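Data block for final29.tsv (TSV, C-alpha atoms):
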```tsv
chain	number	residue	atom	x	y	z
U	1	MET	CA	3.32	29.41	-14.64
U	2	PRO	CA	2.95	26.62	-17.22
U	3	GLN	CA	4.56	27.03	-20.61
U	4	PHE	CA	2.51	25.69	-23.50
U	5	GLN	CA	4.99	25.08	-26.30
U	6	ARG	CA	2.80	22.70	-28.31
U	7	ILE	CA	-0.97	22.98	-28.40
U	8	VAL	CA	-3.27	20.51	-30.14
U	9	CYS	CA	-6.59	21.97	-31.24
U	10	PRO	CA	-9.09	19.64	-32.91
U	11	THR	CA	-11.68	21.24	-35.16
U	12	ASP	CA	-14.81	20.15	-36.95
U	13	PHE	CA	-15.12	23.70	-38.37
U	14	SER	CA	-18.24	24.40	-36.26
U	15	PRO	CA	-18.76	27.71	-34.42
U	16	THR	CA	-17.83	26.03	-31.14
U	17	ALA	CA	-14.62	24.64	-32.63
U	18	ASN	CA	-13.84	28.06	-34.14
U	19	ALA	CA	-14.11	29.61	-30.67
U	20	ALA	CA	-11.64	27.03	-29.36
U	21	VAL	CA	-9.27	27.70	-32.27
U	22	ALA	CA	-9.31	31.42	-31.44
U	23	HIS	CA	-8.25	30.64	-27.86
U	24	ALA	CA	-5.58	28.22	-29.05
U	25	VAL	CA	-4.14	30.82	-31.44
U	26	GLU	CA	-3.88	33.40	-28.65
U	27	LEU	CA	-2.15	30.88	-26.38
U	28	ALA	CA	0.26	29.87	-29.15
U	29	LYS	CA	1.11	33.53	-29.76
U	30	THR	CA	1.49	34.28	-26.04
U	31	PHE	CA	3.82	31.36	-25.42
U	32	ARG	CA	5.49	31.51	-28.84
U	33	GLY	CA	4.49	27.91	-29.28
U	34	GLU	CA	3.31	25.63	-32.02
U	35	LEU	CA	-0.35	25.05	-32.78
U	36	VAL	CA	-1.36	21.71	-34.27
U	37	LEU	CA	-4.74	22.19	-35.94
U	38	LEU	CA	-6.30	18.74	-36.21
U	39	HIS	CA	-9.32	17.48	-38.11
U	40	VAL	CA	-10.51	13.89	-37.78
U	41	LEU	CA	-12.57	12.08	-40.38
U	42	PRO	CA	-14.70	9.58	-38.45
U	43	PRO	CA	-15.38	6.16	-39.94
U	44	LEU	CA	-18.33	6.03	-42.31
U	45	PRO	CA	-21.29	3.89	-41.32
U	46	TYR	CA	-22.14	1.12	-43.75
U	47	PRO	CA	-25.48	2.09	-45.32
U	48	LEU	CA	-27.73	-0.50	-46.87
U	49	LEU	CA	-27.93	0.38	-50.54
U	50	ASP	CA	-30.01	-1.69	-52.94
U	51	GLY	CA	-28.31	-2.36	-56.25
U	52	ILE	CA	-25.17	-0.35	-55.48
U	53	SER	CA	-21.96	-1.97	-54.40
U	54	ILE	CA	-20.90	-0.62	-51.02
U	55	ALA	CA	-17.31	-1.45	-51.91
U	56	MET	CA	-17.54	0.95	-54.87
U	57	VAL	CA	-19.36	3.83	-53.16
U	58	LEU	CA	-17.60	4.14	-49.80
U	59	PRO	CA	-14.02	4.68	-51.07
U	60	GLN	CA	-15.22	7.40	-53.46
U	61	LEU	CA	-17.19	9.11	-50.70
U	62	GLN	CA	-14.25	8.86	-48.28
U	63	ASP	CA	-11.95	10.39	-50.92
U	64	GLN	CA	-14.38	13.28	-51.46
U	65	LEU	CA	-14.67	13.87	-47.70
U	66	ARG	CA	-10.88	13.83	-47.37
U	67	THR	CA	-10.42	16.33	-50.22
U	68	HIS	CA	-13.06	18.63	-48.71
U	69	ALA	CA	-11.46	18.38	-45.25
U	70	GLU	CA	-8.01	19.18	-46.68
U	71	GLU	CA	-9.45	22.29	-48.34
U	72	GLN	CA	-11.16	23.37	-45.12
U	73	LEU	CA	-7.95	22.89	-43.12
U	74	LYS	CA	-5.94	24.94	-45.62
U	75	ALA	CA	-8.54	27.74	-45.56
U	76	ALA	CA	-8.68	27.70	-41.76
U	77	ALA	CA	-4.89	27.81	-41.49
U	78	LYS	CA	-4.67	30.72	-43.94
U	79	ALA	CA	-7.29	32.67	-41.97
U	80	LEU	CA	-5.39	32.35	-38.68
U	81	GLY	CA	-2.64	34.75	-39.65
U	82	SER	CA	0.89	34.77	-38.32
U	83	GLY	CA	2.86	35.26	-35.13
U	84	PHE	CA	3.03	31.57	-34.21
U	85	THR	CA	4.01	28.22	-35.69
U	86	LEU	CA	1.13	26.30	-37.25
U	87	ARG	CA	0.89	22.71	-38.42
U	88	THR	CA	-2.22	20.99	-39.74
U	89	GLU	CA	-3.07	17.32	-39.46
U	90	LEU	CA	-5.85	15.26	-41.00
U	91	ARG	CA	-6.51	11.84	-39.49
U	92	ASP	CA	-9.01	9.04	-39.90
U	93	GLY	CA	-10.67	7.28	-36.99
U	94	SER	CA	-12.55	7.86	-33.79
U	95	PRO	CA	-12.30	11.58	-32.95
U	96	HIS	CA	-11.42	11.22	-29.27
U	97	GLU	CA	-8.88	8.48	-29.97
U	98	GLN	CA	-7.19	10.53	-32.70
U	99	VAL	CA	-7.08	13.69	-30.56
U	100	LEU	CA	-5.40	11.71	-27.77
U	101	ALA	CA	-3.00	10.02	-30.21
U	102	CYS	CA	-2.05	13.34	-31.81
U	103	ALA	CA	-1.43	14.91	-28.40
U	104	HIS	CA	0.73	11.96	-27.37
U	105	GLU	CA	2.70	11.76	-30.64
U	106	THR	CA	3.38	15.50	-30.76
U	107	LYS	CA	4.17	15.67	-27.03
U	108	ALA	CA	1.50	18.34	-26.59
U	109	ASP	CA	1.49	20.49	-23.45
U	110	LEU	CA	-2.17	21.38	-23.88
U	111	ILE	CA	-5.29	20.39	-25.81
U	112	VAL	CA	-7.78	23.17	-26.58
U	113	MET	CA	-11.14	22.04	-27.89
U	114	GLY	CA	-14.72	23.06	-28.20
U	115	THR	CA	-17.58	21.34	-26.49
U	116	HIS	CA	-21.13	21.18	-27.73
U	117	GLY	CA	-22.45	20.49	-24.25
U	118	HIS	CA	-24.79	17.60	-25.11
U	119	THR	CA	-27.39	17.05	-22.43
U	120	GLY	CA	-30.07	14.54	-21.64
U	121	LEU	CA	-30.47	11.22	-23.43
U	122	LYS	CA	-28.03	12.03	-26.27
U	123	HIS	CA	-25.28	12.74	-23.74
U	124	ALA	CA	-26.11	9.65	-21.68
U	125	LEU	CA	-25.98	7.40	-24.75
U	126	LEU	CA	-23.13	8.96	-26.69
U	127	GLY	CA	-21.07	10.97	-24.24
U	128	SER	CA	-18.97	13.58	-25.96
U	129	THR	CA	-15.60	13.75	-27.61
U	130	ALA	CA	-14.54	16.53	-25.25
U	131	GLU	CA	-15.60	14.57	-22.19
U	132	ARG	CA	-13.64	11.52	-23.31
U	133	VAL	CA	-10.56	13.60	-24.07
U	134	VAL	CA	-10.75	15.33	-20.69
U	135	ARG	CA	-11.02	11.97	-18.92
U	136	LEU	CA	-8.21	10.25	-20.82
U	137	ALA	CA	-5.67	12.95	-21.73
U	138	THR	CA	-2.29	12.97	-20.03
U	139	CYS	CA	-1.89	16.73	-20.54
U	140	PRO	CA	-4.20	19.59	-19.51
U	141	VAL	CA	-7.33	20.14	-21.60
U	142	LEU	CA	-9.05	23.50	-22.03
U	143	THR	CA	-12.65	23.20	-23.23
U	144	VAL	CA	-14.33	26.21	-24.82
U	145	ARG	CA	-18.02	26.90	-25.33
U	146	ALA	CA	-19.19	29.11	-28.17
U	147	LYS	CA	-20.92	32.30	-27.11
U	148	GLY	CA	-24.68	32.36	-27.37
```
Could I get this structure in the form of structure tokens?
Amino acid sequence: MPQFQRIVCPTDFSPTANAAVAHAVELAKTFRGELVLLHVLPPLPYPLLDGISIAMVLPQLQDQLRTHAEEQLKAAAKALGSGFTLRTELRDGSPHEQVLACAHETKADLIVMGTHGHTGLKHALLGSTAERVVRLATCPVLTVRAKG
């Protein structure tokens, strides 16, 4: 039976991600492993703003998003309780690339993540973070759908 000593669990704080976090917590407790709770801030698109300097607005917005994400990660970590080792990480970049990088850098045995199950044209054009991670990860990936 595999032993999952380090589990990476990306979250965007959605119900689907919360379902994945719940599974990751149980696995971390069962295997007495470490859970790395990861949130990725994707790059901001460059909006066209008349009369406002993009160079002035984007850094302030990115700082506000980072502060909010840090608060959400702290609250999520506090709500998870005890009985396992927990580490939080906040990264900037493409979500699937950062999930894969985190798993590689932490030598993860497992990635547990939610999937929104995009279908149709949106899926064909965009794919999904979970799909990309499943295709490219060097460790096992458990995808979790939210109930309902």
Contacts of Gln5 of chain U within 8 Å, only C-alpha atoms, excl. fewer than 4 positions in-chain, as a list in words: Ala28, Phe31, Arg32, Gly33, Glu34, Ala108 and Asp109 of chain U
Residues of the last selection are to be written out with C-alpha atoms, as a PDB file, keeping the file's coordinate frame.
```
ATOM      1  CA  ALA U  28       0.260  29.870 -29.150  1.00  0.00           C
ATOM      2  CA  PHE U  31       3.820  31.360 -25.420  1.00  0.00           C
ATOM      3  CA  ARG U  32       5.490  31.510 -28.840  1.00  0.00           C
ATOM      4  CA  GLY U  33       4.490  27.910 -29.280  1.00  0.00           C
ATOM      5  CA  GLU U  34       3.310  25.630 -32.020  1.00  0.00           C
ATOM      6  CA  ALA U 108       1.500  18.340 -26.590  1.00  0.00           C
ATOM      7  CA  ASP U 109       1.490  20.490 -23.450  1.00  0.00           C
TER       8      ASP U 109
END
```
So that I can see what lies close to Arg6 of chain U, please list as a count of residues only the residues with an atom at most 12 Å from it, counting all atoms listed in the file and leaving out residues fewer than 5 positions away in the same chain. 30
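Distances from U:Ala76, U:Leu142, U:Val99, U:Glu131 to Asn18 of chain U were compared using all atoms listed in the file, and the smallest one belongs to U:Ala76.
Remark: for Val141 of chain U, the closest of the candidate residues U:Gln98, U:Thr16, U:Thr115, U:Gln62 is U:Thr115 (distances computed over only C-alpha atoms).
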Expressed in Å to a single decimal, how great is the separation between atom CA of Gln64 of chain U and atom CA of Ala19 of chain U? 26.4 Å
Among listed residues U:Gln60, U:Ser128, U:Thr11, U:Ser94, nearest Leu73 of chain U (using all atoms listed in the file): U:Thr11
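Here atom CA of Glu71 of chain U is placed at a distance of 28.5 Å from atom CA of Ala137 of chain U.
Using all atoms listed in the file, the contacts of Leu41 of chain U at a cut-off of 10 Å, with sequence neighbours closer than 6 positions omitted, comprise Asp12, Gln62, Leu65, Arg66, Ala69, Leu90, Arg91, Asp92, Gly93, Ser94, Pro95 and Gln98 of chain U.
The interatomic distance for the pair atom CA of Gly114 of chain U and atom CA of Leu100 of chain U works out to 14.7 Å.
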